[in-house]
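Engineer: Starting off with a structure, shown below.
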Amino acid sequence: VHALVASLAAIICTIGATFFACYKELRAAPAELMRPEAPKAGKRILLENIDAIWERLNFGQKAAMRNLFRYKKRFFMTLFGVGGCMALLLVGLGIRDSVSAMANNQYGEVLKYDGIVSVDSTLTRAQRRAMLSDVSDISDITDYIQANRTMVYATGKNADEKNAYLVVPRDTDTFEDYISIRERGSLVDELELTDEGVIITEKYAKLLGASIGDIIYVRLSESDAYPKEVKVVGITENYIFNYIYMTPKLYQSLYNVTAETNVLLLKMEDAANVEDISSRLLKISGVNSVTMNADELGELNTVINSLYFIVILMIVAAAILAFVVLYNLNNINISERHRELATLKLLGFYDKELSAYVYRENVVLTLLGTILGIFLGIVLHRFVMVTVETDVYMFGRELQPLSIAIGAVLTIIFALATNLIMYFRLKKIDMIESLKSVE
C-alpha cells in the first residue's frame, strides 16, 4: 500500500510538472518559440531602499541580490530543494538520536535498578524469608526492593482498552531509588506516589487519553468484570512498556487484598557480571526468572547499530536530491543567462571571477535553504518518530545539536560539489557564438 501511494505521488508530480511546462509552451506562437526567450527585466528590490546596507555592497554582491529576486521560481526551487536535502539528513541522523535517547534515558535515568527477579507469589512467609536471605547472601547485590507487578487492563477517555504493568512497591519511601518518577524534561524526581491515586507513564496516558486529574478504570485481569475507578495524580517519563504505579494501601482499599510480592528490583555492585549473578539467582528456591537491564540494553544497542544503514541511506538520498536540484537549476541559470555571462567574459572577466559572480547567488540560497531545512527537519523528524511509535514504545524526541551541525555541513558540501562541477560548464562558454544575433 505504501509503495503504491509513493508511486502514485511520484507519477502525479512528474506528470503535473510536465503538463504545466508543456502547456505554457504550447500557448505561445510558433514565431516566438523559434527565438530565444527574452531575459526578465531587472527591478529594484527592497534592499536597495536600505542605504546603510546597500551602499556597503560591491558590484558583484548587488548584482547577486538583484538576480536572486529577478528569477523567483528558481529562488524558491533552490530554497526548498536545499531545505529538503537538509530535512532528509536531519531525519536520518535524528532517528538514531531518538532511539539512542530511548535506550539511554530508560536504562540510565528512568530505571535505576540493575535487574528484576520474578519470584513465586505463593511462597509462605518462612519460604519467602529464606529466599530473601539467599538473595542477600550474593555479595554483588547491594540492595533490593519487594514489589508486586501484574499485567492489568485499563480504559480512559479513549474507548479502546490498553494493557499495562501495575507496579505496587512494598516500600514507597525508597521506591524512587529504583524507578525515577518525574515529568519528562525534569532534572529531579518531583512526582510523589500517594494514596490519592495512581501515576501512569506518558505513553500510556496518551493511549488512554488521560491527563492529571482524570479517572481511569482498571481491571486486574481480562476476566475481571468489575473495573476499579482510580484517579490519575501524575504522569511520569517512560519509554519502554506501559506502567501504572500504585501504593499498597490504595491497592488494598480497591481490591480488599494485600499486594503479594512477586518481583524483586535489584541493585548490584558489578552490573557487568550479570551472567554469573543471574545463574546464582536462578539456583535459589522460589526464583522463577531473572531479567537484567544490561541484557536488554545490549539488545537495544544492537538495533541502534543497525540504524546506521538507514542513516547512510538518508545521506545518499539527500545527496542525490541536492545534486539533482542544484545541478538542474544551475544548468537552467547558465542557459538563460548565456549571453549575459558571455558579455561579462568578453569584457574581461576571468573564469574564476565569472564563477564567483554566479556562485554568490548559490551560496546565499544554500545558506537560506539550510536554515529553512533545520526547521523543516525538526518538524519532519518529530512527525516520523511519533508516527512509527507502537503502543509499548515511546522514542526520544531529541535531535542532538551535533546532528544538526553534521547535516548543515553535509548540505553545504553537496552544494559546493555541485558548484565545482558547474565551473567547467562556465569555462566552456564561447564568447563569439553566444553574442551572435539570432535570426
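Residues in the C-alpha cells are numbered from 1 in each chain, the chains being A, B, ... in the order shown, and ligands are numbered from 1 in the order shown.
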Would you tabulate, counting only C-alpha atoms, all residues of segment 51-160 of chain A that have an atom at most 12 Å from an atom of segment 169-193 of chain A, showing the closest pair of atoms and their distance in Å to one decimal, sorted by chain then ascending number, as a tab-separated table?
Structural biologist:
```
residue	atom	partner	partner_atom	distance
A:Met102	CA	A:Arg184	CA	11.9
A:Asn105	CA	A:Arg184	CA	10.1
A:Gln106	CA	A:Ser180	CA	9.6
A:Tyr107	CA	A:Ile179	CA	10.0
A:Gly108	CA	A:Ser180	CA	10.1
A:Glu109	CA	A:Ser180	CA	6.9
A:Val110	CA	A:Ser180	CA	4.8
A:Leu111	CA	A:Ile179	CA	4.8
A:Lys112	CA	A:Tyr178	CA	4.7
A:Tyr113	CA	A:Tyr178	CA	5.0
A:Asp114	CA	A:Tyr178	CA	8.8
A:Gly115	CA	A:Tyr178	CA	10.2
A:Ile116	CA	A:Tyr178	CA	10.7
A:Asp143	CA	A:Tyr178	CA	9.9
A:Tyr144	CA	A:Tyr178	CA	8.6
A:Ile145	CA	A:Asp171	CA	7.3
A:Gln146	CA	A:Arg170	CA	5.7
A:Ala147	CA	A:Pro169	CA	4.1
A:Asn148	CA	A:Pro169	CA	6.3
A:Arg149	CA	A:Pro169	CA	8.5
A:Thr150	CA	A:Pro169	CA	11.6
```
Engineer: Please identify all polymer residues within 10 Å of Tyr423 of chain A, counting only C-alpha atoms, omitting same-chain residues fewer than 5 positions from it, and present them as a list in words.
Structural biologist: Asp351, Lys352, Leu354, Ser355, Ala356, Val358, Tyr359, Ala417, Thr418 and Lys428 of chain A
Engineer: Have a look at A:Glu48, A:Lys249, A:Glu398, A:Ile371 and name the one nearest to Met385 of chain A; count only C-alpha atoms.
Structural biologist: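 Closest to Met385 of chain A, using only C-alpha atoms: A:Glu398.
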Engineer: Can you check which residues of segment 213-262 of chain A DSSP gives as strand (DSSP E or B) on the backbone and send them as a ChimeraX atom specification?
Structural biologist: /A:215-219,228-236,240,243-245
Engineer: Rounded to one decimal place, report the atom CA of Val303 of chain A-atom CA of Leu380 of chain A distance in Å.
Structural biologist: 21.9 Å
Engineer: Find, counting only C-alpha atoms, the residue in A:Pro227, A:Asp295, A:Ala205, A:Cys85 that gets nearest to Ile412 of chain A.
Structural biologist: A:Cys85
Engineer: Give me, please, the distance in Å between atom CA of Gly369 of chain A and atom CA of Pro401 of chain A, quoted to one decimal.
Structural biologist: 17.9 Å
Engineer: In Å, rounded to a single decimal, give me how far atom CA of Val274 of chain A is from atom CA of Asn301 of chain A.
Structural biologist: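 The value is 16.8 Å.
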Engineer: Between A:Cys22, A:Val82, A:Ala6, A:Val386, which one has atoms that come closest to Val325 of chain A, using only C-alpha atoms?
Structural biologist: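 Result for the nearest residue to Val325 of chain A: A:Val82.
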Engineer: Extract, using only C-alpha atoms, all DNA, RNA and protein residues at most 10 Å from Thr370 of chain A, discarding same-chain residues fewer than 3 positions from it, and format them as a PyMOL selection string.
Structural biologist: chain A and resi 79-87+364-367+373-377+407-409+411-412
Engineer: Find the residues around Ile429 of chain A up to 10 Å (only C-alpha atoms counted), leave out those fewer than 3 positions away in its own chain, and share them as a list in words.
Structural biologist: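 The residues that qualify are Ile334, Ser335, His338, Arg339, Leu341, Ala342, Lys345, Asp351, Phe424, Arg425, Leu426, Ile432, Glu433 and Ser434 of chain A.
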Engineer: Among the residues of segment 81-274 of chain A, find those DSSP assigns to alpha helix (DSSP H) from the backbone and print them as a PyMOL selection string.
Structural biologist: chain A and resi 81-105+125-136+202-208+248-255+274
Engineer: With C-alpha atoms retained, write the just-selected residues as a compact mmCIF listing (two decimals), in the first residue's frame.
Structural biologist:
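Dumped everything to part13.txt:
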```
# COMPACT_ATOMS: atom_id res chain seq x y z
CA GLY A 81 15.49 21.82 -2.72
CA VAL A 82 18.33 22.59 -0.34
CA GLY A 83 15.86 22.72 2.57
CA GLY A 84 14.56 19.26 1.62
CA CYS A 85 18.11 17.94 1.47
CA MET A 86 18.80 19.30 4.96
CA ALA A 87 15.49 17.93 6.30
CA LEU A 88 16.25 14.43 4.98
CA LEU A 89 19.65 14.49 6.65
CA LEU A 90 18.14 15.54 9.96
CA VAL A 91 15.52 12.79 9.79
CA GLY A 92 18.20 10.16 9.15
CA LEU A 93 20.50 11.42 11.89
CA GLY A 94 17.58 12.16 14.21
CA ILE A 95 16.20 8.60 14.03
CA ARG A 96 19.40 7.32 15.57
CA ASP A 97 19.40 10.13 18.14
CA SER A 98 15.84 9.28 19.18
CA VAL A 99 16.36 5.54 19.51
CA SER A 100 19.63 6.12 21.40
CA ALA A 101 17.83 8.56 23.70
CA MET A 102 15.10 5.98 24.32
CA ALA A 103 17.65 3.37 25.42
CA ASN A 104 19.89 5.71 27.40
CA ASN A 105 17.04 7.50 29.16
CA ARG A 125 6.41 -16.36 54.95
CA ALA A 126 9.17 -18.73 56.02
CA GLN A 127 9.96 -19.67 52.43
CA ARG A 128 9.99 -16.01 51.39
CA ARG A 129 12.35 -15.09 54.24
CA ALA A 130 14.67 -17.91 53.25
CA MET A 131 14.57 -16.82 49.61
CA LEU A 132 15.29 -13.19 50.51
CA SER A 133 18.15 -14.31 52.74
CA ASP A 134 19.70 -16.27 49.89
CA VAL A 135 19.37 -13.24 47.60
CA SER A 136 21.06 -11.03 50.21
CA GLU A 202 3.49 9.18 29.48
CA LYS A 203 2.80 6.87 26.53
CA TYR A 204 0.05 5.09 28.46
CA ALA A 205 -1.60 8.41 29.29
CA LYS A 206 -1.64 9.23 25.58
CA LEU A 207 -3.16 5.84 24.69
CA LEU A 208 -5.91 6.26 27.29
CA PRO A 248 -0.02 -0.79 48.73
CA LYS A 249 -2.69 0.99 50.79
CA LEU A 250 -4.62 2.11 47.69
CA TYR A 251 -4.34 -1.40 46.20
CA GLN A 252 -5.78 -2.97 49.34
CA SER A 253 -8.63 -0.44 49.52
CA LEU A 254 -9.57 -1.14 45.91
CA TYR A 255 -9.27 -4.94 45.82
CA VAL A 274 25.26 -10.23 35.01
```
Engineer: May I have the residues within 12 Å of Val316 of chain A as a list in words, using only C-alpha atoms and disregarding those fewer than 2 positions away in the same chain?
Structural biologist: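 Answer for this query is Cys85, Met86, Leu88, Leu89, Gly92, Phe309, Ile310, Val311, Ile312, Leu313, Met314, Ala318, Ala319, Ile320, Leu321, Ala322, Phe323, Leu410, Thr411 and Phe414 of chain A.
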Engineer: Might you pull out every residue within 9 Å of Ser211 of chain A, with only C-alpha atoms counted and same-chain residues fewer than 2 positions away left off, and present them as a ChimeraX atom specification?
Structural biologist: /A:205-206,208-209,213-215,232-235
